[in-house]
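Have a look at entry23.csv below; it lists CSV, C-alpha atoms and all ligand atoms.
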chain,number,residue,atom,x,y,z
S,1,MET,CA,94.5,108.4,131.8
S,2,GLU,CA,95.7,106.3,134.6
S,3,LEU,CA,95.9,107.3,138.2
S,4,ILE,CA,99.1,105.4,138.5
S,5,PRO,CA,101.1,105.8,135.3
S,6,ARG,CA,102.0,102.5,133.6
S,7,PRO,CA,105.7,102.2,132.7
S,8,ARG,CA,107.1,101.9,129.2
S,9,ARG,CA,107.9,98.3,128.6
S,10,GLU,CA,109.9,96.2,126.1
S,11,LEU,CA,107.8,93.2,125.1
S,12,ALA,CA,110.6,91.6,123.2
S,13,PRO,CA,113.8,93.0,121.6
S,14,GLY,CA,112.6,95.6,119.2
S,15,ALA,CA,109.0,95.7,120.5
S,16,VAL,CA,108.0,98.4,122.8
S,17,HIS,CA,104.7,99.4,124.6
S,18,LEU,CA,104.2,103.0,125.4
S,19,PRO,CA,101.1,103.4,127.6
S,20,ASP,CA,99.0,106.5,127.3
S,21,TRP,CA,101.1,107.8,124.4
S,22,LEU,CA,98.1,109.6,122.7
S,23,ASP,CA,96.6,112.3,124.9
S,24,CYS,CA,92.8,112.8,125.1
S,25,THR,CA,92.8,115.3,122.3
S,26,GLU,CA,94.8,113.1,120.0
S,27,GLN,CA,92.6,110.1,120.8
S,28,ARG,CA,89.5,112.2,119.9
S,29,ARG,CA,91.0,113.3,116.7
S,30,LEU,CA,92.0,109.8,115.7
S,31,LEU,CA,88.5,108.5,116.6
S,32,ALA,CA,86.9,111.2,114.5
S,33,ALA,CA,89.0,110.1,111.5
S,34,CYS,CA,88.1,106.5,112.1
S,35,ARG,CA,84.4,107.4,112.1
S,36,GLU,CA,85.0,109.0,108.6
S,37,TRP,CA,86.7,105.9,107.4
S,38,SER,CA,84.2,103.4,109.1
S,39,PRO,CA,81.6,103.2,106.3
S,40,GLY,CA,84.2,101.1,104.5
S,41,MET,CA,84.6,98.6,107.3
S,42,ARG,CA,84.1,94.9,106.4
S,43,HIS,CA,84.5,91.5,107.9
S,44,GLN,CA,87.3,90.1,105.7
S,45,ARG,CA,87.0,86.6,104.3
S,46,LEU,CA,90.2,84.6,104.5
S,47,PRO,CA,91.4,82.2,101.8
S,48,ASN,CA,90.8,79.3,104.2
S,49,GLY,CA,87.1,80.1,104.2
S,50,GLY,CA,87.1,81.8,107.6
S,51,VAL,CA,85.7,85.2,108.3
S,52,MET,CA,87.5,87.6,110.5
S,53,SER,CA,85.6,88.7,113.6
S,54,VAL,CA,87.1,92.2,113.4
S,55,ARG,CA,85.7,94.7,110.9
S,56,MET,CA,88.5,96.4,108.9
S,57,VAL,CA,89.1,99.2,106.5
S,58,CYS,CA,92.4,100.0,104.9
S,59,LEU,CA,94.1,103.2,103.9
S,60,GLY,CA,96.8,103.5,101.2
S,61,TRP,CA,96.9,99.9,100.2
S,62,HIS,CA,94.0,97.4,100.7
S,63,TRP,CA,94.9,94.2,102.5
S,64,ALA,CA,93.2,91.5,100.6
S,65,PRO,CA,94.3,88.6,102.7
S,66,TYR,CA,97.2,88.0,102.1
S,67,ARG,CA,98.4,90.6,99.6
S,68,TYR,CA,98.0,94.3,99.1
S,69,THR,CA,95.9,95.9,96.2
S,70,LYS,CA,94.9,99.4,95.2
S,71,VAL,CA,91.4,98.3,94.4
S,72,LEU,CA,88.8,96.6,96.5
S,73,ASP,CA,86.8,93.5,95.5
S,74,ASP,CA,83.9,95.7,94.5
S,75,GLY,CA,86.1,97.7,92.2
S,76,SER,CA,86.3,100.8,94.4
S,77,ALA,CA,89.6,102.5,95.1
S,78,VAL,CA,91.3,102.2,98.4
S,79,LEU,CA,91.0,105.2,100.7
S,80,PRO,CA,94.0,107.6,100.7
S,81,PHE,CA,96.6,107.4,103.4
S,82,PRO,CA,96.6,110.9,104.9
S,83,ASN,CA,99.9,112.9,105.5
S,84,TRP,CA,99.0,113.7,109.1
S,85,LEU,CA,98.8,110.0,109.9
S,86,GLY,CA,102.4,109.6,108.5
S,87,ASP,CA,103.5,112.4,110.7
S,88,LEU,CA,101.9,110.7,113.7
S,89,GLY,CA,103.7,107.5,112.8
S,90,ARG,CA,107.0,109.2,112.6
S,91,ARG,CA,106.5,110.7,116.0
S,92,ALA,CA,105.6,107.2,117.3
S,93,VAL,CA,108.6,105.4,116.0
S,94,THR,CA,110.9,108.1,117.2
S,95,ALA,CA,109.3,107.9,120.7
S,96,ALA,CA,109.9,104.2,120.6
S,97,GLY,CA,113.6,104.6,119.8
S,98,PHE,CA,113.5,103.8,116.1
S,99,ALA,CA,115.0,105.9,113.2
S,100,PRO,CA,112.7,108.9,112.4
S,101,ASP,CA,112.9,108.4,108.6
S,102,TYR,CA,109.7,106.3,108.6
S,103,ARG,CA,107.3,106.6,105.7
S,104,PRO,CA,104.3,104.5,106.4
S,105,ASP,CA,101.8,104.2,103.4
S,106,ILE,CA,99.4,101.6,104.8
S,107,ALA,CA,97.0,101.8,107.7
S,108,LEU,CA,94.7,98.9,108.8
S,109,VAL,CA,91.9,100.2,110.9
S,110,ASN,CA,90.3,97.4,112.9
S,111,PHE,CA,87.1,97.5,114.9
S,112,TYR,CA,86.6,95.0,117.7
S,113,ASP,CA,83.2,94.5,119.3
S,114,ALA,CA,83.0,92.6,122.6
S,115,ASP,CA,83.5,89.2,121.0
S,116,ALA,CA,86.1,90.0,118.4
S,117,LYS,CA,89.6,88.6,118.5
S,118,MET,CA,92.6,88.4,116.2
S,119,GLY,CA,94.5,85.1,116.0
S,120,LEU,CA,98.2,85.0,116.3
S,121,HIS,CA,99.8,86.1,113.0
S,122,GLN,CA,102.8,87.8,111.5
S,123,ASP,CA,102.5,91.1,109.6
S,124,LYS,CA,104.5,89.8,106.6
S,125,ASP,CA,102.8,90.9,103.5
S,126,GLU,CA,104.8,94.1,103.3
S,127,ARG,CA,108.0,94.2,101.2
S,128,ALA,CA,109.7,96.6,103.6
S,129,LEU,CA,110.7,95.7,107.1
S,130,ASP,CA,110.2,99.1,108.7
S,131,PRO,CA,108.4,99.0,112.1
S,132,VAL,CA,104.7,98.5,112.6
S,133,VAL,CA,103.0,101.2,114.7
S,134,SER,CA,99.8,100.3,116.6
S,135,PHE,CA,97.4,102.8,118.2
S,136,SER,CA,94.6,101.6,120.4
S,137,LEU,CA,91.3,103.4,121.2
S,138,GLY,CA,88.3,102.5,123.4
S,139,ASP,CA,88.0,99.2,125.2
S,140,THR,CA,91.0,97.6,126.7
S,141,ALA,CA,92.2,94.4,125.0
S,142,VAL,CA,94.7,91.7,125.8
S,143,PHE,CA,97.5,91.8,123.2
S,144,ARG,CA,99.7,88.7,122.9
S,145,PHE,CA,103.2,89.3,121.6
S,146,GLY,CA,105.1,86.2,120.8
S,147,ASN,CA,108.2,85.1,119.0
S,148,THR,CA,109.3,85.0,115.3
S,149,GLU,CA,109.4,81.2,115.1
S,150,ASN,CA,105.9,80.0,115.7
S,151,ARG,CA,102.6,80.6,117.5
S,152,GLY,CA,103.8,79.0,120.7
S,153,ARG,CA,105.6,80.3,123.7
S,154,PRO,CA,107.4,82.4,124.7
S,155,TRP,CA,104.9,85.2,124.5
S,156,THR,CA,104.0,88.2,126.6
S,157,ASP,CA,100.4,89.2,127.3
S,158,VAL,CA,99.9,92.9,127.8
S,159,GLU,CA,96.7,95.0,128.2
S,160,LEU,CA,96.4,97.7,125.6
S,161,ARG,CA,94.2,100.6,126.7
S,162,SER,CA,92.9,103.6,124.9
S,163,GLY,CA,95.8,105.8,123.9
S,164,ASP,CA,98.5,103.1,124.1
S,165,LEU,CA,101.1,102.8,121.4
S,166,VAL,CA,103.0,99.7,120.5
S,167,VAL,CA,105.9,99.7,118.0
S,168,PHE,CA,107.5,96.5,116.8
S,169,GLY,CA,110.5,96.4,114.4
S,170,GLY,CA,114.0,95.2,114.2
S,171,GLU,CA,114.3,91.6,115.5
S,172,SER,CA,110.6,91.6,116.4
S,173,ARG,CA,109.3,92.9,113.1
S,174,LEU,CA,108.1,89.4,112.1
S,175,ALA,CA,107.0,88.2,115.6
S,176,TYR,CA,103.6,86.5,115.9
S,177,HIS,CA,101.0,88.6,117.7
S,178,GLY,CA,97.3,88.9,118.2
S,179,ILE,CA,94.4,89.9,120.4
S,180,THR,CA,93.1,87.2,122.7
S,181,LYS,CA,90.2,89.2,124.1
S,182,VAL,CA,88.6,92.5,124.5
S,183,LEU,CA,87.4,93.6,127.9
S,184,PRO,CA,84.0,95.1,127.1
S,185,GLY,CA,82.9,98.2,128.9
S,186,THR,CA,86.4,99.3,129.9
S,187,ALA,CA,86.6,102.4,127.7
S,188,ASP,CA,86.4,105.8,129.2
S,189,PRO,CA,82.7,106.8,128.6
S,190,ASP,CA,84.0,110.3,127.8
S,191,LEU,CA,85.6,109.1,124.6
S,192,GLY,CA,82.3,108.0,123.3
S,193,LEU,CA,83.4,104.7,121.7
S,194,THR,CA,81.7,101.4,122.4
S,195,GLY,CA,84.2,98.7,121.5
S,196,ARG,CA,87.8,99.0,120.4
S,197,LEU,CA,89.6,100.4,117.5
S,198,ASN,CA,93.2,99.6,116.5
S,199,ILE,CA,95.1,101.4,113.8
S,200,THR,CA,98.3,99.9,112.6
S,201,LEU,CA,100.7,101.7,110.2
S,202,ARG,CA,103.1,99.9,108.0
S,203,ALA,CA,105.5,100.8,105.1
S,204,SER,CA,104.6,98.7,102.0
S,205,GLY,CA,107.9,99.0,100.2
S,206,MET,CA,105.8,99.2,97.0
S,207,ASP,CA,105.2,102.0,94.5
S,301,LIG,O1,94.4,95.1,117.3
S,301,LIG,C1,95.6,95.0,117.5
S,301,LIG,O2,96.1,95.5,118.5
S,301,LIG,C2,96.5,94.2,116.6
S,301,LIG,C3,96.1,94.4,115.1
S,301,LIG,C4,97.0,93.6,114.2
S,301,LIG,O3,97.8,92.9,114.6
S,301,LIG,C5,96.9,93.8,112.8
S,301,LIG,O4,96.0,94.6,112.3
S,301,LIG,O5,97.7,93.2,112.0
S,302,FE,FE,99.2,92.3,113.1
Would you mind giving the structure from this file in structure tokens?
Amino acid sequence: MELIPRPRRELAPGAVHLPDWLDCTEQRRLLAACREWSPGMRHQRLPNGGVMSVRMVCLGWHWAPYRYTKVLDDGSAVLPFPNWLGDLGRRAVTAAGFAPDYRPDIALVNFYDADAKMGLHQDKDERALDPVVSFSLGDTAVFRFGNTENRGRPWTDVELRSGDLVVFGGESRLAYHGITKVLPGTADPDLGLTGRLNITLRASGMD
């Protein structure tokens, strides 16, 4: 928690940053769940031959760049998307000012070590255009939120700290965004996480 509270901020129309949205108890609960999911974390190989620096595990639908599947490459089934995470997602979109009838069925759980980044990209493999919800835990990271046209400016850089919520939907649903750097050692030692976790929720629009 911050000594001086950071204000809620619109990053672009339809994109909102709510600092310290998860309290310490909720952060711990989410971290404990991530630890249960973490044995499935992998560095994803991209079709262009690159390998992502984050380690990722998916719930509900597996993101096999750049499409969603129910089965992983090794033939195992994707982990289930828990109801409580959907409830948390509904609370999050409501807090951000979006309609509460949100039914996310995908979570991407990303782990960033000190050197991991995520290049600017659009979340555009979903068939639905419901908002994306993002929760951050652990080390602070610099989140770049751009525009829907291309990877260039205008963009806004914002620090995401443990407990922060970002929701982007509406006109910003297909905006380019990414993580330019993690600030190692910035996590509250009491949380007990070295590195950063980010959990994004999406609605697939698929059965
Ligand atoms: O780590 C973040 O804050 C962003 C993650 C992200 O953009 C994604 O998983 O698509
Ligand atoms: Fe994304």
**Study point:** Exercise answer, 10 Å around ligand LIG 301 (chain S) with all atoms listed in the file, as a ChimeraX atom specification
**Key:** /S:54,56,58,63,107-112,116-124,132-137,140-145,159-161,164-166,176-182,196-202
Limited to C-alpha atoms, could you put the picked residues into a file as a PDB file, in the coordinates of the input?
ATOM      1  CA  VAL S  54      87.100  92.200 113.400  1.00  0.00           C
ATOM      2  CA  MET S  56      88.500  96.400 108.900  1.00  0.00           C
ATOM      3  CA  CYS S  58      92.400 100.000 104.900  1.00  0.00           C
ATOM      4  CA  TRP S  63      94.900  94.200 102.500  1.00  0.00           C
ATOM      5  CA  ALA S 107      97.000 101.800 107.700  1.00  0.00           C
ATOM      6  CA  LEU S 108      94.700  98.900 108.800  1.00  0.00           C
ATOM      7  CA  VAL S 109      91.900 100.200 110.900  1.00  0.00           C
ATOM      8  CA  ASN S 110      90.300  97.400 112.900  1.00  0.00           C
ATOM      9  CA  PHE S 111      87.100  97.500 114.900  1.00  0.00           C
ATOM     10  CA  TYR S 112      86.600  95.000 117.700  1.00  0.00           C
ATOM     11  CA  ALA S 116      86.100  90.000 118.400  1.00  0.00           C
ATOM     12  CA  LYS S 117      89.600  88.600 118.500  1.00  0.00           C
ATOM     13  CA  MET S 118      92.600  88.400 116.200  1.00  0.00           C
ATOM     14  CA  GLY S 119      94.500  85.100 116.000  1.00  0.00           C
ATOM     15  CA  LEU S 120      98.200  85.000 116.300  1.00  0.00           C
ATOM     16  CA  HIS S 121      99.800  86.100 113.000  1.00  0.00           C
ATOM     17  CA  GLN S 122     102.800  87.800 111.500  1.00  0.00           C
ATOM     18  CA  ASP S 123     102.500  91.100 109.600  1.00  0.00           C
ATOM     19  CA  LYS S 124     104.500  89.800 106.600  1.00  0.00           C
ATOM     20  CA  VAL S 132     104.700  98.500 112.600  1.00  0.00           C
ATOM     21  CA  VAL S 133     103.000 101.200 114.700  1.00  0.00           C
ATOM     22  CA  SER S 134      99.800 100.300 116.600  1.00  0.00           C
ATOM     23  CA  PHE S 135      97.400 102.800 118.200  1.00  0.00           C
ATOM     24  CA  SER S 136      94.600 101.600 120.400  1.00  0.00           C
ATOM     25  CA  LEU S 137      91.300 103.400 121.200  1.00  0.00           C
ATOM     26  CA  THR S 140      91.000  97.600 126.700  1.00  0.00           C
ATOM     27  CA  ALA S 141      92.200  94.400 125.000  1.00  0.00           C
ATOM     28  CA  VAL S 142      94.700  91.700 125.800  1.00  0.00           C
ATOM     29  CA  PHE S 143      97.500  91.800 123.200  1.00  0.00           C
ATOM     30  CA  ARG S 144      99.700  88.700 122.900  1.00  0.00           C
ATOM     31  CA  PHE S 145     103.200  89.300 121.600  1.00  0.00           C
ATOM     32  CA  GLU S 159      96.700  95.000 128.200  1.00  0.00           C
ATOM     33  CA  LEU S 160      96.400  97.700 125.600  1.00  0.00           C
ATOM     34  CA  ARG S 161      94.200 100.600 126.700  1.00  0.00           C
ATOM     35  CA  ASP S 164      98.500 103.100 124.100  1.00  0.00           C
ATOM     36  CA  LEU S 165     101.100 102.800 121.400  1.00  0.00           C
ATOM     37  CA  VAL S 166     103.000  99.700 120.500  1.00  0.00           C
ATOM     38  CA  TYR S 176     103.600  86.500 115.900  1.00  0.00           C
ATOM     39  CA  HIS S 177     101.000  88.600 117.700  1.00  0.00           C
ATOM     40  CA  GLY S 178      97.300  88.900 118.200  1.00  0.00           C
ATOM     41  CA  ILE S 179      94.400  89.900 120.400  1.00  0.00           C
ATOM     42  CA  THR S 180      93.100  87.200 122.700  1.00  0.00           C
ATOM     43  CA  LYS S 181      90.200  89.200 124.100  1.00  0.00           C
ATOM     44  CA  VAL S 182      88.600  92.500 124.500  1.00  0.00           C
ATOM     45  CA  ARG S 196      87.800  99.000 120.400  1.00  0.00           C
ATOM     46  CA  LEU S 197      89.600 100.400 117.500  1.00  0.00           C
ATOM     47  CA  ASN S 198      93.200  99.600 116.500  1.00  0.00           C
ATOM     48  CA  ILE S 199      95.100 101.400 113.800  1.00  0.00           C
ATOM     49  CA  THR S 200      98.300  99.900 112.600  1.00  0.00           C
ATOM     50  CA  LEU S 201     100.700 101.700 110.200  1.00  0.00           C
ATOM     51  CA  ARG S 202     103.100  99.900 108.000  1.00  0.00           C
TER      52      ARG S 202
END
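Going from CA of Gly192 (chain S) to CA of Glu36 (chain S) covers 15.0 Å.
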Review point. Residues at most 10 Å from Glu126 (chain S), counting all atoms listed in the file, excluding those fewer than 3 positions away in the same chain, as an MDAnalysis selection string?
Key: chainID S and resid 63 66:68 106 123 129:130 202:206
Practice item. Name all residues at most 12 Å from Leu191 (chain S) (count all atoms listed in the file; drop same-chain ones fewer than 3 positions away) and give them as a PyMOL selection string. Key: chain S and resi 1+23-32+137-139+162-163+186-188+194-197
Check your understanding: Out of S:Gly97, S:Pro39, S:Gly60, S:Gly169, which residue has the shortest atom-to-atom distance to Ala77 (chain S) when counting all atoms listed in the file?
Key -> S:Gly60
**Study point:** For ligand FE 302 (chain S), the nearest of the candidates S:Pro131, S:Pro7, S:Gly50, S:Pro82, counting only C-alpha atoms and all ligand atoms
**Key:** S:Pro131
**Study point:** Interatomic distance (Å, one decimal) between CA of Trp61 (chain S) and CA of Gly89 (chain S)
**Key:** 16.2 Å
Study note, to complete from the structure: Counting only C-alpha atoms and all ligand atoms, the residue among S:Pro189, S:Gly146, S:Gly152, S:Pro184 that lies closest to ligand FE 302 (chain S) is S:Gly146
Check your understanding: If you measure from CA of Ser53 (chain S) to CA of Leu183 (chain S), what distance in Å do you get, rounded to one decimal?
Key ->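 Separation of CA of Ser53 (chain S) and CA of Leu183 (chain S): 15.2 Å.
When all atoms listed in the file are used to measure the gap to ligand FE 302 (chain S), the shortest distance among S:Asp74, S:Asp125, S:Asp105, S:Asp87 belongs to S:Asp125.
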Exercise for review: Would you mind telling me which residue in S:Asp207, S:Val57, S:Thr156, S:Leu174 lies nearest to ligand FE 302 (chain S) when using only C-alpha atoms and all ligand atoms?
Suggested key: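 Closest residue, counting only C-alpha atoms and all ligand atoms: S:Leu174.
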Study note, to complete from the structure: Counting only C-alpha atoms, closest pick from S:Asp190, S:Glu171, S:Glu149, S:Asp157 relative to Arg9 (chain S) is S:Asp157
Practice item. Taking (105.9, 109.6, 110.7) in the file's own coordinates, collect the residues within 8 Å, counting only C-alpha atoms, and hand them back as a ChimeraX atom specification. Key: /S:85-93,100-104
Generate the output file for the selected residues, C-alpha atoms, as a PDB file, keeping the file's coordinate frame.
ATOM      1  CA  LEU S  85      98.800 110.000 109.900  1.00  0.00           C
ATOM      2  CA  GLY S  86     102.400 109.600 108.500  1.00  0.00           C
ATOM      3  CA  ASP S  87     103.500 112.400 110.700  1.00  0.00           C
ATOM      4  CA  LEU S  88     101.900 110.700 113.700  1.00  0.00           C
ATOM      5  CA  GLY S  89     103.700 107.500 112.800  1.00  0.00           C
ATOM      6  CA  ARG S  90     107.000 109.200 112.600  1.00  0.00           C
ATOM      7  CA  ARG S  91     106.500 110.700 116.000  1.00  0.00           C
ATOM      8  CA  ALA S  92     105.600 107.200 117.300  1.00  0.00           C
ATOM      9  CA  VAL S  93     108.600 105.400 116.000  1.00  0.00           C
ATOM     10  CA  PRO S 100     112.700 108.900 112.400  1.00  0.00           C
ATOM     11  CA  ASP S 101     112.900 108.400 108.600  1.00  0.00           C
ATOM     12  CA  TYR S 102     109.700 106.300 108.600  1.00  0.00           C
ATOM     13  CA  ARG S 103     107.300 106.600 105.700  1.00  0.00           C
ATOM     14  CA  PRO S 104     104.300 104.500 106.400  1.00  0.00           C
TER      15      PRO S 104
END
Is there a way to complete region 138-174 of chain S with N, CA and C atoms and then write that out as an mmCIF file, in the frame of the given file?
data_model
loop_
_atom_site.group_PDB
_atom_site.id
_atom_site.type_symbol
_atom_site.label_atom_id
_atom_site.label_comp_id
_atom_site.auth_asym_id
_atom_site.auth_seq_id
_atom_site.Cartn_x
_atom_site.Cartn_y
_atom_site.Cartn_z
ATOM 1 N N GLY S 138 89.529 103.133 122.838
ATOM 2 C CA GLY S 138 88.300 102.500 123.400
ATOM 3 C C GLY S 138 88.601 101.418 124.366
ATOM 4 N N ASP S 139 87.855 100.309 124.251
ATOM 5 C CA ASP S 139 88.000 99.200 125.200
ATOM 6 C C ASP S 139 89.405 98.667 125.296
ATOM 7 N N THR S 140 89.784 98.274 126.486
ATOM 8 C CA THR S 140 91.000 97.600 126.700
ATOM 9 C C THR S 140 91.000 96.213 126.047
ATOM 10 N N ALA S 141 92.152 95.765 125.539
ATOM 11 C CA ALA S 141 92.200 94.400 125.000
ATOM 12 C C ALA S 141 93.518 93.766 125.473
ATOM 13 N N VAL S 142 93.533 92.434 125.411
ATOM 14 C CA VAL S 142 94.700 91.700 125.800
ATOM 15 C C VAL S 142 95.491 91.376 124.464
ATOM 16 N N PHE S 143 96.681 91.932 124.372
ATOM 17 C CA PHE S 143 97.500 91.800 123.200
ATOM 18 C C PHE S 143 98.589 90.736 123.545
ATOM 19 N N ARG S 144 98.692 89.734 122.703
ATOM 20 C CA ARG S 144 99.700 88.700 122.900
ATOM 21 C C ARG S 144 100.846 88.927 121.939
ATOM 22 N N PHE S 145 102.030 89.130 122.454
ATOM 23 C CA PHE S 145 103.200 89.300 121.600
ATOM 24 C C PHE S 145 104.138 88.160 121.764
ATOM 25 N N GLY S 146 104.307 87.400 120.701
ATOM 26 C CA GLY S 146 105.100 86.200 120.800
ATOM 27 C C GLY S 146 106.446 86.268 120.168
ATOM 28 N N ASN S 147 106.854 85.218 119.535
ATOM 29 C CA ASN S 147 108.200 85.100 119.000
ATOM 30 C C ASN S 147 108.121 85.003 117.461
ATOM 31 N N THR S 148 109.277 85.047 116.803
ATOM 32 C CA THR S 148 109.300 85.000 115.300
ATOM 33 C C THR S 148 109.217 83.630 114.748
ATOM 34 N N GLU S 149 109.335 82.604 115.605
ATOM 35 C CA GLU S 149 109.400 81.200 115.100
ATOM 36 C C GLU S 149 108.091 80.576 114.843
ATOM 37 N N ASN S 150 107.212 80.688 115.819
ATOM 38 C CA ASN S 150 105.900 80.000 115.700
ATOM 39 C C ASN S 150 104.916 80.611 116.672
ATOM 40 N N ARG S 151 103.697 80.029 116.670
ATOM 41 C CA ARG S 151 102.600 80.600 117.500
ATOM 42 C C ARG S 151 102.693 80.220 118.958
ATOM 43 N N GLY S 152 103.706 79.456 119.302
ATOM 44 C CA GLY S 152 103.800 79.000 120.700
ATOM 45 C C GLY S 152 104.560 79.965 121.576
ATOM 46 N N ARG S 153 104.852 79.518 122.773
ATOM 47 C CA ARG S 153 105.600 80.300 123.700
ATOM 48 C C ARG S 153 107.056 80.429 123.262
ATOM 49 N N PRO S 154 107.836 81.385 123.690
ATOM 50 C CA PRO S 154 107.400 82.400 124.700
ATOM 51 C C PRO S 154 106.582 83.506 124.038
ATOM 52 N N TRP S 155 105.662 83.991 124.864
ATOM 53 C CA TRP S 155 104.900 85.200 124.500
ATOM 54 C C TRP S 155 104.707 86.026 125.752
ATOM 55 N N THR S 156 104.312 87.265 125.517
ATOM 56 C CA THR S 156 104.000 88.200 126.600
ATOM 57 C C THR S 156 102.603 88.707 126.361
ATOM 58 N N ASP S 157 101.747 88.632 127.371
ATOM 59 C CA ASP S 157 100.400 89.200 127.300
ATOM 60 C C ASP S 157 100.430 90.586 127.936
ATOM 61 N N VAL S 158 99.883 91.567 127.254
ATOM 62 C CA VAL S 158 99.900 92.900 127.800
ATOM 63 C C VAL S 158 98.512 93.553 127.503
ATOM 64 N N GLU S 159 97.983 94.290 128.456
ATOM 65 C CA GLU S 159 96.700 95.000 128.200
ATOM 66 C C GLU S 159 97.009 96.269 127.432
ATOM 67 N N LEU S 160 96.300 96.433 126.336
ATOM 68 C CA LEU S 160 96.400 97.700 125.600
ATOM 69 C C LEU S 160 95.125 98.490 125.875
ATOM 70 N N ARG S 161 95.321 99.687 126.399
ATOM 71 C CA ARG S 161 94.200 100.600 126.700
ATOM 72 C C ARG S 161 94.158 101.728 125.749
ATOM 73 N N SER S 162 93.102 102.496 125.861
ATOM 74 C CA SER S 162 92.900 103.600 124.900
ATOM 75 C C SER S 162 94.074 104.597 125.051
ATOM 76 N N GLY S 163 94.675 104.905 123.915
ATOM 77 C CA GLY S 163 95.800 105.800 123.900
ATOM 78 C C GLY S 163 97.158 105.152 123.865
ATOM 79 N N ASP S 164 97.169 103.826 124.063
ATOM 80 C CA ASP S 164 98.500 103.100 124.100
ATOM 81 C C ASP S 164 99.047 102.987 122.701
ATOM 82 N N LEU S 165 100.354 102.996 122.678
ATOM 83 C CA LEU S 165 101.100 102.800 121.400
ATOM 84 C C LEU S 165 101.986 101.551 121.602
ATOM 85 N N VAL S 166 102.036 100.757 120.552
ATOM 86 C CA VAL S 166 103.000 99.700 120.500
ATOM 87 C C VAL S 166 103.755 99.857 119.150
ATOM 88 N N VAL S 167 105.059 99.699 119.178
ATOM 89 C CA VAL S 167 105.900 99.700 118.000
ATOM 90 C C VAL S 167 106.690 98.446 117.959
ATOM 91 N N PHE S 168 106.629 97.694 116.851
ATOM 92 C CA PHE S 168 107.500 96.500 116.800
ATOM 93 C C PHE S 168 108.256 96.529 115.443
ATOM 94 N N GLY S 169 109.579 96.412 115.578
ATOM 95 C CA GLY S 169 110.500 96.400 114.400
ATOM 96 C C GLY S 169 111.702 95.633 114.748
ATOM 97 N N GLY S 170 112.752 95.864 113.941
ATOM 98 C CA GLY S 170 114.000 95.200 114.200
ATOM 99 C C GLY S 170 113.827 93.680 114.309
ATOM 100 N N GLU S 171 114.383 93.088 115.334
ATOM 101 C CA GLU S 171 114.300 91.600 115.500
ATOM 102 C C GLU S 171 112.921 91.105 115.733
ATOM 103 N N SER S 172 112.017 92.005 116.135
ATOM 104 C CA SER S 172 110.600 91.600 116.400
ATOM 105 C C SER S 172 109.670 91.904 115.299
ATOM 106 N N ARG S 173 110.180 92.429 114.179
ATOM 107 C CA ARG S 173 109.300 92.900 113.100
ATOM 108 C C ARG S 173 108.344 91.759 112.643
ATOM 109 N N LEU S 174 108.874 90.533 112.608
ATOM 110 C CA LEU S 174 108.100 89.400 112.100
ATOM 111 C C LEU S 174 107.575 88.503 113.235
#
